[in-house]
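Peer 1: Before anything else, here's the structure in question.
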Amino acid sequence: MHITLIGAGLARLICAQRLQAQGHSIVVYERDSHVGGRMGTRQTELGGFDHGTQYFTASSERFRKEAARWEKAGWVLPWQGRLVTLENGIAKPAGRSDRHRRFVAVPGMAALGERLAQGIDVRAGQNVRRIERYGEQWLLAVQSETVPIDASAGPFDAVIAAVPADIARLLLQPVSPLADRMGQEHLAPCWALILGFEQALEVDYDGAWIKGSRLKWIARDTSKPMRRPGEHWVGHASPEWSEEHLHDDPERVKEKLLRAFHEATGSPVQPVFADVHCWRHAQATSTLPGDCLWDARARIGVCGDWFSAGLDGGGRMENAWLSASALADLAE
Ligand SMILES: Cc1cc2nc3c(=O)[nH]c(=O)nc-3n(C[C@H](O)[C@H](O)[C@H](O)COP(=O)(O)OP(=O)(O)OC[C@H]3O[C@@H](n4cnc5c(N)ncnc54)[C@H](O)[C@@H]3O)c2cc1C
């Protein structure tokens, strides 16, 4: 079959790899200029910052095996950072409620997406605006930055939309009853703060969940394996705060988050580099039960990290991987 996948995040790349290995011909359309989606690494003059996914864990047997394979290939390494919870400036060791090792891709999270995309036909900078029926097949209406009108791509025998729930709903609604089986799953935004310091911060932890702050998480990016040396930090604002300040001026957001960073760490040291990034669709606030949705007759499907895929909760790389693997098995 000639299959198209929309989006080149973790879920699509896994699905694309599997289906290609089964002999199908695959074309992936990706809106951004790069692959990997939310597994992002922002390149700056100081080096890379993992401003999206921080690390991943593997609780299911299948994903544990995949993580072991990636580790053996040298694509990921365990992160042994000291993690705490911070409340009113007091750090307490984070409980080991997550019994699983934390992994990071090396030399940055984005590298995993680049590796998984090898050998796959990814058309970057192509925003899919509509899915259209073409007899028994499918066409995509695709917009690129360089061409002012939508181009038609296809026909394809099957289409897999593996995009955040809010986008999947819009794409599927006009063409497939699968849209009615989706609930109100929504991915909340996240403002990310990126900070580079010349001087070491006097804190004895590498990552912290923060209580009572607009920042819910901070991490010393340079404590992860195979990063450039330096004092680089990333912070994530809470979903509630990010939603409320979604359309704010980035400079104002930077000021506010930097203040929250100083309050949380108690460190007065000023950064030599500071920036923010808004992840419009960051973390699933609720999950759809099941692994994925697939209409075998019409050959259209959807997968992503907003499916529970047998896990407690969603919005993690493991959900995306399990969901994509399940859809690849069905679409075979
Ligand atoms: C700030 C942040 C922190 C996170 N921290 C963690 C963590 O610590 N641990 C963890 O396990 N997970 C974390 N996650 C979640 C993790 O990143 C995701 O679960 C995983 O990357 C999801 O992969 P995906 O392929 O399902 O979606 P995505 O990575 O979102 O991929 C979707 C892709 O589709 C593309 N796309 C969307 N619409 C279109 C369109 N119309 N046409 C073409 N392309 C389109 C997008 O550009 C994107 O590349 C975090 C996410 C964020 C944002």
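Lettering and numbering for the structure tokens are positional, with chains as A, B, ... in the shown order, residues counted from 1 in each chain, and ligands counted from 1 in the shown order.
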Could you report the residues within 6 Å of ligand 1, using only C-alpha atoms and all ligand atoms, as JSON, numbers by chain?
Peer 2: {"A": [6, 7, 8, 9, 10, 11, 12, 29, 30, 31, 32, 35, 36, 37, 38, 39, 52, 53, 54, 55, 56, 126, 127, 128, 129, 163, 164, 190, 279, 282, 283, 304, 305, 315, 316, 317, 318, 320]}
Peer 1: Keeping N, CA and C atoms for every residue in the selection just given, could you write it to a file as a CSV table (one decimal), in the first residue's frame?
Peer 2:
chain,number,residue,atom,x,y,z
A,6,ILE,N,0.7,11.8,8.7
A,6,ILE,CA,0.8,13.3,8.9
A,6,ILE,C,1.5,13.6,10.2
A,7,GLY,N,2.6,14.3,10.1
A,7,GLY,CA,3.4,14.6,11.3
A,7,GLY,C,4.6,13.7,11.5
A,8,ALA,N,5.7,14.3,11.9
A,8,ALA,CA,7.0,13.5,12.0
A,8,ALA,C,7.5,13.5,13.5
A,9,GLY,N,6.5,13.3,14.4
A,9,GLY,CA,6.9,13.2,15.8
A,9,GLY,C,7.2,11.7,16.1
A,10,LEU,N,7.5,11.3,17.3
A,10,LEU,CA,7.8,10.0,17.7
A,10,LEU,C,6.8,9.0,17.1
A,11,ALA,N,5.5,9.2,17.3
A,11,ALA,CA,4.5,8.3,17.0
A,11,ALA,C,4.6,7.9,15.5
A,12,ARG,N,4.6,9.0,14.7
A,12,ARG,CA,4.6,8.7,13.2
A,12,ARG,C,5.8,8.0,12.7
A,29,TYR,N,4.3,13.7,5.9
A,29,TYR,CA,4.2,15.2,5.8
A,29,TYR,C,4.4,15.8,7.1
A,30,GLU,N,5.3,16.8,7.3
A,30,GLU,CA,5.6,17.4,8.5
A,30,GLU,C,5.5,18.9,8.4
A,31,ARG,N,4.8,19.5,9.3
A,31,ARG,CA,4.6,21.0,9.2
A,31,ARG,C,5.9,21.8,9.5
A,32,ASP,N,6.7,21.3,10.5
A,32,ASP,CA,7.9,22.0,10.8
A,32,ASP,C,9.0,21.7,9.8
A,35,VAL,N,12.3,17.2,12.1
A,35,VAL,CA,11.5,16.0,12.6
A,35,VAL,C,11.6,16.0,14.1
A,36,GLY,N,10.8,15.1,14.7
A,36,GLY,CA,10.9,14.9,16.2
A,36,GLY,C,9.8,15.5,17.0
A,37,GLY,N,9.1,16.5,16.5
A,37,GLY,CA,8.0,17.1,17.2
A,37,GLY,C,8.4,17.6,18.5
A,38,ARG,N,7.7,17.2,19.6
A,38,ARG,CA,7.9,17.7,20.9
A,38,ARG,C,9.2,17.1,21.6
A,39,MET,N,9.9,16.2,20.9
A,39,MET,CA,11.2,15.8,21.4
A,39,MET,C,12.2,16.8,20.8
A,52,GLY,N,11.7,20.7,25.2
A,52,GLY,CA,10.5,20.0,25.1
A,52,GLY,C,10.6,18.8,26.1
A,53,THR,N,10.4,17.6,25.6
A,53,THR,CA,10.6,16.3,26.4
A,53,THR,C,11.8,16.4,27.2
A,54,GLN,N,11.7,16.1,28.5
A,54,GLN,CA,12.8,16.2,29.4
A,54,GLN,C,13.6,14.9,29.5
A,55,TYR,N,12.8,13.8,29.6
A,55,TYR,CA,13.4,12.5,29.7
A,55,TYR,C,12.3,11.5,29.5
A,56,PHE,N,12.5,10.2,29.4
A,56,PHE,CA,11.4,9.3,29.3
A,56,PHE,C,11.7,8.1,30.2
A,126,GLN,N,5.7,21.1,5.4
A,126,GLN,CA,4.4,20.9,4.7
A,126,GLN,C,3.3,20.7,5.7
A,127,ASN,N,2.4,21.7,5.8
A,127,ASN,CA,1.3,21.7,6.7
A,127,ASN,C,0.1,21.0,6.0
A,128,VAL,N,-0.4,19.9,6.6
A,128,VAL,CA,-1.6,19.3,6.0
A,128,VAL,C,-2.8,20.0,6.5
A,129,ARG,N,-3.6,20.6,5.6
A,129,ARG,CA,-4.8,21.4,6.0
A,129,ARG,C,-6.1,20.6,5.9
A,163,VAL,N,-1.2,13.3,15.0
A,163,VAL,CA,-1.0,14.7,15.5
A,163,VAL,C,-1.7,14.9,16.8
A,164,PRO,N,-1.4,16.0,17.5
A,164,PRO,CA,-2.1,16.2,18.8
A,164,PRO,C,-3.6,16.1,18.6
A,190,CYS,N,2.4,24.8,26.8
A,190,CYS,CA,3.5,24.9,27.8
A,190,CYS,C,4.5,26.0,27.4
A,279,TRP,N,5.1,25.9,23.5
A,279,TRP,CA,4.6,24.7,22.9
A,279,TRP,C,3.1,24.8,22.9
A,282,ALA,N,1.1,20.8,24.1
A,282,ALA,CA,2.2,20.2,24.9
A,282,ALA,C,1.9,18.9,25.6
A,283,GLN,N,0.9,19.0,26.5
A,283,GLN,CA,0.7,17.8,27.4
A,283,GLN,C,-0.8,17.5,27.5
A,304,GLY,N,-1.4,8.5,18.9
A,304,GLY,CA,-0.6,9.7,19.6
A,304,GLY,C,-0.5,9.4,21.1
A,305,ASP,N,0.1,10.4,21.7
A,305,ASP,CA,0.4,10.2,23.2
A,305,ASP,C,-0.9,10.5,24.0
A,315,GLY,N,0.2,11.4,27.7
A,315,GLY,CA,1.0,12.6,27.4
A,315,GLY,C,2.5,12.3,27.5
A,316,ARG,N,2.9,11.0,27.4
A,316,ARG,CA,4.3,10.7,27.5
A,316,ARG,C,4.8,10.0,26.3
A,317,MET,N,6.1,10.0,26.1
A,317,MET,CA,6.7,9.3,25.0
A,317,MET,C,6.2,7.8,24.9
A,318,GLU,N,6.1,7.2,26.1
A,318,GLU,CA,5.7,5.8,26.1
A,318,GLU,C,4.3,5.6,25.5
A,320,ALA,N,2.9,7.5,23.2
A,320,ALA,CA,3.0,7.7,21.8
A,320,ALA,C,3.6,6.5,21.1
Peer 1: Using only C-alpha atoms, which protein or nucleic acid residues come within 7 Å of Val106 in chain A? Drop anything in the same chain fewer than 2 positions from it, and give the result as a PyMOL selection string.
Peer 2: chain A and resi 75-77+104+108-109+111+226
Peer 1: Can you list, as a VMD selection string, all residues belonging to range 93-329 of chain A that DSSP tags as strand (DSSP E or B)?
Peer 2: chain A and resid 93 103 to 105 121 to 123 126 to 134 137 to 144 151 to 156 158 to 161 187 to 197 207 to 210 215 to 220 231 to 237 273 to 284 288 293 to 295 300 to 302 307
Peer 1: Measuring between only C-alpha atoms, which one of A:His232, A:Leu116, A:Ile90, A:Glu240 shows the shortest distance to Thr265 in chain A?
Peer 2: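 For Thr265 in chain A, the nearest of the given residues is A:Ile90.
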Peer 1: Considering only C-alpha atoms, state which residue in the set A:Val175, A:Ile160, A:Ala208, A:Leu246 is at the smallest distance from Pro189 in chain A.
Peer 2: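 Using only C-alpha atoms, Pro189 in chain A sits closest to A:Leu246.
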Peer 1: DSSP on the backbone, then: every residue of range 87-171 of chain A marked helix (DSSP H, G or I), written as a list in words.
Peer 2: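 Taking range 87-171 of chain A and keeping helix (DSSP H, G or I) only, one gets Ala110, Ala111, Leu112, Gly113, Glu114, Arg115, Leu116, Ala165, Asp166, Ile167, Ala168, Arg169, Leu170 and Leu171 of chain A.
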Peer 1: Given the choices A:Trp138, A:Trp233, A:Trp294, A:Phe156, which gets closest to Gly48 in chain A if the distance is worked out from only C-alpha atoms?
Peer 2: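 The shortest atom-to-atom distance to Gly48 in chain A comes from A:Trp233.
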Peer 1: Using only C-alpha atoms, which protein or nucleic acid residues come within 9 Å of Glu132 in chain A? Drop anything in the same chain fewer than 4 positions from it, and give the result as a list in words.
Peer 2: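 Counting only the stated atoms, we get Gln137, Trp138, Leu139, Leu140, Ala141, Pro174 and Val175 of chain A.
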Peer 1: Nearest to Arg64 in chain A among A:Ala161, A:Leu322, A:Ala284, A:Ala91, with distances taken over only C-alpha atoms: which residue is it?
Peer 2: A:Leu322
Peer 1: So, with only C-alpha atoms as the atoms that count, which of A:Glu255, A:Thr285, A:Glu145, A:Leu83 lies closest to Glu243 in chain A?
Peer 2: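 Counting only C-alpha atoms, the residue closest to Glu243 in chain A is A:Thr285.
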Peer 1: Looking at only C-alpha atoms, which of A:Pro239, A:Pro250, A:Pro155, A:Gly301 is the one that sits closest to Ala188 in chain A?
Peer 2: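 When distances to Ala188 in chain A are compared using only C-alpha atoms, the smallest one comes from A:Pro239.
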Peer 1: What does the structure give for the distance between CA of Leu257 in chain A and CA of Trp217 in chain A, in Å to one decimal?
Peer 2: 11.3 Å
Peer 1: Gly310 in chain A: which residues within 9 Å, counting only C-alpha atoms, same-chain residues fewer than 6 positions away excluded, as a list in words?
Peer 2: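 Everything that qualifies: Ser60, Pro289, Gly290, Asp291, Asn319 and Leu322 of chain A.
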Peer 1: Name all residues at most 7 Å from Pro225 in chain A (count only C-alpha atoms; drop same-chain ones fewer than 2 positions away) and give them as a PyMOL selection string.
Peer 2: chain A and resi 77+79+223+227
Peer 1: Using only C-alpha atoms, determine which residues lie at most 6 Å from range 193-198 of chain A, disregarding the query and same-chain residues fewer than 4 positions distant; provide the list as a PyMOL selection string.
Peer 2: chain A and resi 231-235+271-276
Peer 1: Residues near His2 in chain A, anyone? I mean within 10 Å using only C-alpha atoms, not counting same-chain ones fewer than 2 positions away, as a ChimeraX atom specification.
Peer 2: /A:4,20,23-27,137,154-159
